[in-house]
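*Asks:* Dropping a structure here in structure tokens format, bear with me for questions.
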Amino acid sequence: MKIVKTKYILTPDKIISDRAVAFDEKIVDIDEFEILKEKYPDAKIVEYENNSCLLPGFINSHVHLEFSANKASLSYGDFIIWLNSVIKKREELIPKCDEDCLKNAIDTMLKSGITSFGAVSSYGYDMNVCSQAPQRVVYFNEIIGSNPAAADVLYNDFIQRVKESIKLKDEKFIPAIAIHSPYSVHRVLVEKAIEFAKKNSFLISTHFMESRAEREWLDKATGDFKAFFEDFLNQSIPANRALDFLEMFNGTNSLFVHTVWCNEKELEIIEKNRHSIIHCPVSNRLLGNGALDIGKIKYLGINFLTATDGLSSNYSLNLYEELKSALFVHYYIDPNVLAMDLIRSVTKNAAAALKLNCGEIEIGKYADLQIVELPEDLDNLNEIPLNIILHTKKVKNVFISGEMYE
Ligand code: BEZ
Ligand code: FE2
């Protein structure tokens, strides 16, 4: 048993002071420090100084670790130019991300308070490292391929990777699937993959309505994707229509990544089916995709998550960097309200979407925790979330299943 004492606790729905938390693998008790010490006399005490704050570990629900070798190899500014650069450079970038590179990426996340992540894997090269990561991992085996002639080969390769990941399944490594996007996966493959996921109760993640080019291609078979598909894949017809694609996910609670170019009808379907939206503001900015209207997402009551995406479209996997950017992208929302919503989007909301028993400081939840230090006393407790985002780069400690990492 351990007892952690900080000045503040962000649950994350409320901020409390003068309380401590007792936990083993899971949180056992939340009470006054003196009472907990008496109740659990053998517990190891971990006490933090002045302006410390305890909050749930962050959950980075969308990352592509296999692309972690990228620094400036890929072209930013426009989605199609970026996609062409990925296709051109991936054969040199992917092998460059060896075991050390993957472990480095995972360690950066750990040091910035990330105690769970959702890894989208294109090749399975990150599978073993993810299964041994200190964090809780939802491992999304991805399927891609819009050409029906290659469908069987691609599906078999996908199922092979899924089976390998099932062999590694344990309490902290949870296999799942990713369907790359409506423009890049043939509808027959989408159907088969969703059927498989439903049968096996696997979570599904998909990129959806990321760019203007995707919107125009799926709606009208025009726009910047037209030349891309003609030149690269000799195709003139989109692999899916947006609504057909979306409705194939009905009855699942899936993760829709980006959704910057979603229309009202699509958002309504996402809400009705209790899907979640993953917002990646830095990636959206760098690839020229614009900014998600998060006010509308909140108004519609859609479960809202924030994530970094991969180093293929970001300079960092530190969620504190991402949240700082989000504060400035969404400049029209009250910063204190937004800060609290953003912290919720990487804790409680993300845990609900990934079906993880963490993301809250509550009895019975896994003791996945982080401790940060505020620079000085604050007069107003409601300003704590904003100041945590502004002043944190690295955290003091994290706990995962009650185990401490420095
Ligand atoms: C494909 O494999 O069909 C594909 C990959 C990336 C973008 C578009 C299509
Ligand atoms: Fe992504």
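Lettering and numbering for the structure tokens are positional, with chains as A, B, ... in the shown order, residues counted from 1 in each chain, and ligands counted from 1 in the shown order.
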Within 7 Å of ligand 1, counting only C-alpha atoms and all ligand atoms: which residues, as an MDAnalysis selection string?

*Replies:* chainID A and resid 144:147 183:185 233

*Asks:* Convert the current residue selection to file output with all heavy atoms, as a PDB file, in the first residue's frame.

*Replies:*
ATOM      1  N   ILE A 144      -5.177  -1.333 -44.335  1.00  0.00           N
ATOM      2  CA  ILE A 144      -5.203  -0.291 -45.364  1.00  0.00           C
ATOM      3  C   ILE A 144      -5.206  -0.978 -46.727  1.00  0.00           C
ATOM      4  O   ILE A 144      -4.691  -2.084 -46.849  1.00  0.00           O
ATOM      5  CB  ILE A 144      -3.988   0.666 -45.208  1.00  0.00           C
ATOM      6  CG1 ILE A 144      -4.133   1.906 -46.103  1.00  0.00           C
ATOM      7  CG2 ILE A 144      -2.678  -0.030 -45.470  1.00  0.00           C
ATOM      8  CD1 ILE A 144      -3.154   3.025 -45.766  1.00  0.00           C
ATOM      9  N   GLY A 145      -5.798  -0.339 -47.723  1.00  0.00           N
ATOM     10  CA  GLY A 145      -5.778  -0.882 -49.085  1.00  0.00           C
ATOM     11  C   GLY A 145      -7.097  -0.665 -49.792  1.00  0.00           C
ATOM     12  O   GLY A 145      -8.113  -1.236 -49.410  1.00  0.00           O
ATOM     13  N   SER A 146      -7.058   0.165 -50.817  1.00  0.00           N
ATOM     14  CA  SER A 146      -8.306   0.498 -51.520  1.00  0.00           C
ATOM     15  C   SER A 146      -8.483  -0.328 -52.791  1.00  0.00           C
ATOM     16  O   SER A 146      -9.552  -0.298 -53.410  1.00  0.00           O
ATOM     17  CB  SER A 146      -8.315   1.990 -51.860  1.00  0.00           C
ATOM     18  OG  SER A 146      -7.154   2.314 -52.602  1.00  0.00           O
ATOM     19  N   ASN A 147      -7.449  -1.065 -53.175  1.00  0.00           N
ATOM     20  CA  ASN A 147      -7.506  -1.843 -54.418  1.00  0.00           C
ATOM     21  C   ASN A 147      -8.112  -3.223 -54.154  1.00  0.00           C
ATOM     22  O   ASN A 147      -7.520  -4.027 -53.445  1.00  0.00           O
ATOM     23  CB  ASN A 147      -6.071  -1.962 -54.968  1.00  0.00           C
ATOM     24  CG  ASN A 147      -6.011  -2.788 -56.235  1.00  0.00           C
ATOM     25  OD1 ASN A 147      -7.040  -3.235 -56.755  1.00  0.00           O
ATOM     26  ND2 ASN A 147      -4.812  -3.001 -56.725  1.00  0.00           N
ATOM     27  N   TYR A 183     -11.136   6.620 -47.483  1.00  0.00           N
ATOM     28  CA  TYR A 183     -10.587   6.734 -48.848  1.00  0.00           C
ATOM     29  C   TYR A 183      -9.546   5.656 -49.146  1.00  0.00           C
ATOM     30  O   TYR A 183      -9.258   5.378 -50.301  1.00  0.00           O
ATOM     31  CB  TYR A 183      -9.996   8.137 -49.105  1.00  0.00           C
ATOM     32  CG  TYR A 183      -8.859   8.532 -48.191  1.00  0.00           C
ATOM     33  CD1 TYR A 183      -7.545   8.119 -48.433  1.00  0.00           C
ATOM     34  CD2 TYR A 183      -9.089   9.321 -47.064  1.00  0.00           C
ATOM     35  CE1 TYR A 183      -6.506   8.470 -47.581  1.00  0.00           C
ATOM     36  CE2 TYR A 183      -8.063   9.684 -46.209  1.00  0.00           C
ATOM     37  CZ  TYR A 183      -6.772   9.252 -46.472  1.00  0.00           C
ATOM     38  OH  TYR A 183      -5.751   9.600 -45.628  1.00  0.00           O
ATOM     39  N   SER A 184      -8.993   5.026 -48.097  1.00  0.00           N
ATOM     40  CA  SER A 184      -7.857   4.125 -48.321  1.00  0.00           C
ATOM     41  C   SER A 184      -8.159   2.654 -48.044  1.00  0.00           C
ATOM     42  O   SER A 184      -7.270   1.821 -48.199  1.00  0.00           O
ATOM     43  CB  SER A 184      -6.686   4.558 -47.438  1.00  0.00           C
ATOM     44  OG  SER A 184      -7.063   4.454 -46.074  1.00  0.00           O
ATOM     45  N   VAL A 185      -9.380   2.332 -47.622  1.00  0.00           N
ATOM     46  CA  VAL A 185      -9.713   0.925 -47.336  1.00  0.00           C
ATOM     47  C   VAL A 185     -10.970   0.539 -48.124  1.00  0.00           C
ATOM     48  O   VAL A 185     -12.028   1.175 -47.972  1.00  0.00           O
ATOM     49  CB  VAL A 185      -9.941   0.685 -45.815  1.00  0.00           C
ATOM     50  CG1 VAL A 185     -10.100  -0.816 -45.534  1.00  0.00           C
ATOM     51  CG2 VAL A 185      -8.796   1.255 -44.985  1.00  0.00           C
ATOM     52  N   LEU A 233      -2.756   5.024 -57.876  1.00  0.00           N
ATOM     53  CA  LEU A 233      -3.481   3.756 -57.769  1.00  0.00           C
ATOM     54  C   LEU A 233      -4.377   3.447 -58.973  1.00  0.00           C
ATOM     55  O   LEU A 233      -5.095   2.443 -58.969  1.00  0.00           O
ATOM     56  CB  LEU A 233      -4.320   3.741 -56.483  1.00  0.00           C
ATOM     57  CG  LEU A 233      -3.495   3.680 -55.199  1.00  0.00           C
ATOM     58  CD1 LEU A 233      -4.236   4.297 -54.034  1.00  0.00           C
ATOM     59  CD2 LEU A 233      -3.109   2.242 -54.869  1.00  0.00           C
TER      60      LEU A 233
END

*Asks:* Residues at most 9 Å from ligand 2, using only C-alpha atoms and all ligand atoms? Could they come as a ChimeraX atom specification?

*Replies:* /A:62-64,120,180,206-207,257-258,280,283,308-310,312-313

*Asks:* Can you list, as a VMD selection string, every residue of stretch 20-153 of chain A that DSSP puts in strand (DSSP E or B)?

*Replies:* chain A and resid 20 to 23 26 to 31 44 to 47 52 to 56 58 to 63 114 to 121 136 to 143 145

*Asks:* With only C-alpha atoms as the basis for distance, which of A:Thr222, A:Ser254, A:Ser181, A:Ser325 is at the shortest distance from A:Leu390?

*Replies:*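 Under the stated criterion, the closest residue is A:Ser325.
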
*Asks:* With 12 Å as the cut-off and only C-alpha atoms counted, what is the closest atom pair between each nearby residue of stretch 280-344 of chain A and stretch 394-405 of chain A? Distances in Å to one decimal, ordered by chain and number, as a Markdown table.

*Replies:*
| residue | atom | partner | partner_atom | distance |
| --- | --- | --- | --- | --- |
| A:Leu317 | CA | A:Lys394 | CA | 11.8 |
| A:Asn318 | CA | A:Lys394 | CA | 8.5 |
| A:Leu319 | CA | A:Lys394 | CA | 10.0 |
| A:Tyr320 | CA | A:Lys394 | CA | 8.3 |
| A:Glu321 | CA | A:Lys394 | CA | 10.2 |

*Asks:* What's the 9 Å shell around A:Ala351, counting only C-alpha atoms, without same-chain residues fewer than 5 positions away, as JSON, numbers by chain?

*Replies:* {"A": [59, 61, 116, 346, 356, 357, 358, 359, 360]}

*Asks:* With DSSP run on the backbone, what are the alpha helix (DSSP H) residues within stretch 171-271 of chain A? I'd like them as a ChimeraX atom specification.

*Replies:* /A:187-199,212-220,224-233,242-247,264-271

*Asks:* From the options A:Val4, A:Val137, A:Glu247, A:Ile204, which residue's atoms come nearest to A:Ser276, counting only C-alpha atoms?

*Replies:* A:Ile204

*Asks:* With a distance cut-off of 8 Å and only C-alpha atoms, select the neighbouring residues of A:Arg241, excluding the residue or stretch itself and same-chain residues fewer than 3 positions from it, and output the selection as a list of chain:residue names.

*Replies:*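 In the requested form, the answer reads A:Pro182, A:Leu218, A:Asp219, A:Pro238, A:Asp244, A:Phe245.
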
*Asks:* Once you have the residues from the selection above, write them out as a PDB file, in the first residue's frame, restricted to C-alpha atoms.

*Replies:*
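Heads up, here's the output in part_24.pdb:
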ATOM      1  CA  PRO A 182     -12.743   5.722 -45.868  1.00  0.00           C
ATOM      2  CA  LEU A 218     -15.697  11.000 -51.124  1.00  0.00           C
ATOM      3  CA  ASP A 219     -18.566  13.355 -51.981  1.00  0.00           C
ATOM      4  CA  PRO A 238     -13.665   6.430 -54.177  1.00  0.00           C
ATOM      5  CA  ASP A 244     -22.021   4.292 -46.043  1.00  0.00           C
ATOM      6  CA  PHE A 245     -18.627   4.034 -44.374  1.00  0.00           C
TER       7      PHE A 245
END

*Asks:* Go through A:Glu268, A:Leu369, A:Glu322, A:Lys26 and flag the residue nearest A:Lys393, using only C-alpha atoms for the distances.

*Replies:* A:Glu322

*Asks:* Rounded to one decimal in Å, what is the spacing between atom CA of A:Thr259 and atom CA of A:Ile294?

*Replies:*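 Result for atom CA of A:Thr259 versus atom CA of A:Ile294: 10.4 Å, one decimal.
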
*Asks:* Applying 10 Å and only C-alpha atoms, which residues near A:Thr11 remain after dropping the ones on its own chain fewer than 5 positions away? List them as a list in words.

*Replies:*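 So, after excluding close chain neighbours, the residues are Ile16, Leu54, Leu55, Pro56, Arg344, Thr347, Lys348, Gly359, Glu360, Ile361 and Glu362 of chain A.
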
*Asks:* So that I can see what lies close to A:His391, please list as a PyMOL selection string the residues with an atom at most 8 Å from it, counting only C-alpha atoms and leaving out residues fewer than 2 positions away in the same chain.

*Replies:* chain A and resi 374-375+387-389+393

*Asks:* Please dump the current selection as a tab-separated table (two decimals), in the first residue's frame; keep N, CA and C atoms.

*Replies:*
chain	number	residue	atom	x	y	z
A	374	LEU	N	2.98	23.15	-9.42
A	374	LEU	CA	2.64	24.50	-9.86
A	374	LEU	C	3.72	25.47	-9.38
A	375	PRO	N	3.98	26.55	-10.14
A	375	PRO	CA	5.10	27.43	-9.79
A	375	PRO	C	4.90	28.24	-8.52
A	387	ASN	N	-3.09	26.60	-15.33
A	387	ASN	CA	-1.68	26.75	-14.92
A	387	ASN	C	-0.91	25.44	-15.02
A	388	ILE	N	-1.60	24.33	-14.80
A	388	ILE	CA	-0.92	23.03	-14.99
A	388	ILE	C	-0.49	22.90	-16.45
A	389	ILE	N	-1.41	23.23	-17.38
A	389	ILE	CA	-1.07	23.11	-18.81
A	389	ILE	C	0.05	24.09	-19.18
A	393	LYS	N	6.12	20.73	-18.31
A	393	LYS	CA	6.78	20.12	-19.48
A	393	LYS	C	7.02	18.64	-19.18

*Asks:* When you look at A:Val260 with a cut-off of 8 Å (counting only C-alpha atoms), what residues show up, excluding the ones that are within fewer than 4 positions of it in the same chain? I need them as a short mmCIF file (atom, residue, chain, number, x, y, z; two decimals) with N, CA, C and O atoms, in the first residue's frame.

*Replies:*
data_model
loop_
_atom_site.label_atom_id
_atom_site.label_comp_id
_atom_site.auth_asym_id
_atom_site.auth_seq_id
_atom_site.Cartn_x
_atom_site.Cartn_y
_atom_site.Cartn_z
N MET A 209 -12.62 12.10 -42.17
CA MET A 209 -12.81 13.50 -42.56
C MET A 209 -11.72 14.42 -42.00
O MET A 209 -11.98 15.41 -41.34
N GLU A 210 -10.49 14.03 -42.37
CA GLU A 210 -9.32 14.77 -41.89
C GLU A 210 -9.06 16.02 -42.74
O GLU A 210 -8.68 17.06 -42.21
N SER A 211 -9.29 15.89 -44.06
CA SER A 211 -8.89 16.97 -44.97
C SER A 211 -10.04 17.39 -45.90
O SER A 211 -10.98 16.62 -46.12
N ASN A 289 -4.98 21.14 -42.44
CA ASN A 289 -6.37 20.65 -42.41
C ASN A 289 -7.34 21.55 -41.66
O ASN A 289 -8.53 21.26 -41.61
N GLY A 290 -6.85 22.61 -41.03
CA GLY A 290 -7.74 23.52 -40.31
C GLY A 290 -7.90 23.09 -38.86
O GLY A 290 -7.11 22.31 -38.34
N ALA A 291 -8.95 23.63 -38.22
CA ALA A 291 -9.17 23.37 -36.79
C ALA A 291 -10.58 22.81 -36.58
O ALA A 291 -11.55 23.31 -37.15
N LEU A 292 -10.66 21.80 -35.75
CA LEU A 292 -11.96 21.21 -35.39
C LEU A 292 -12.77 22.21 -34.58
O LEU A 292 -12.22 22.90 -33.71
N ASP A 293 -14.07 22.28 -34.85
CA ASP A 293 -14.96 23.14 -34.05
C ASP A 293 -15.32 22.38 -32.77
O ASP A 293 -16.34 21.68 -32.70
#

*Asks:* Hey, can you check how far atom CA of A:Asp31 sits from atom CA of A:Asp18?

*Replies:*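 A separation of 8.3 Å between them.
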
*Asks:* If you measure from atom CA of A:Phe202 to atom CA of A:Asn128, what distance in Å do you get, rounded to one decimal?

*Replies:* 19.2 Å

*Asks:* Between A:Ile143, A:Arg215, A:Leu287, A:Ile94, which is the closest to A:Asn263 once you count only C-alpha atoms?

*Replies:*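 Nearest to A:Asn263: A:Arg215.
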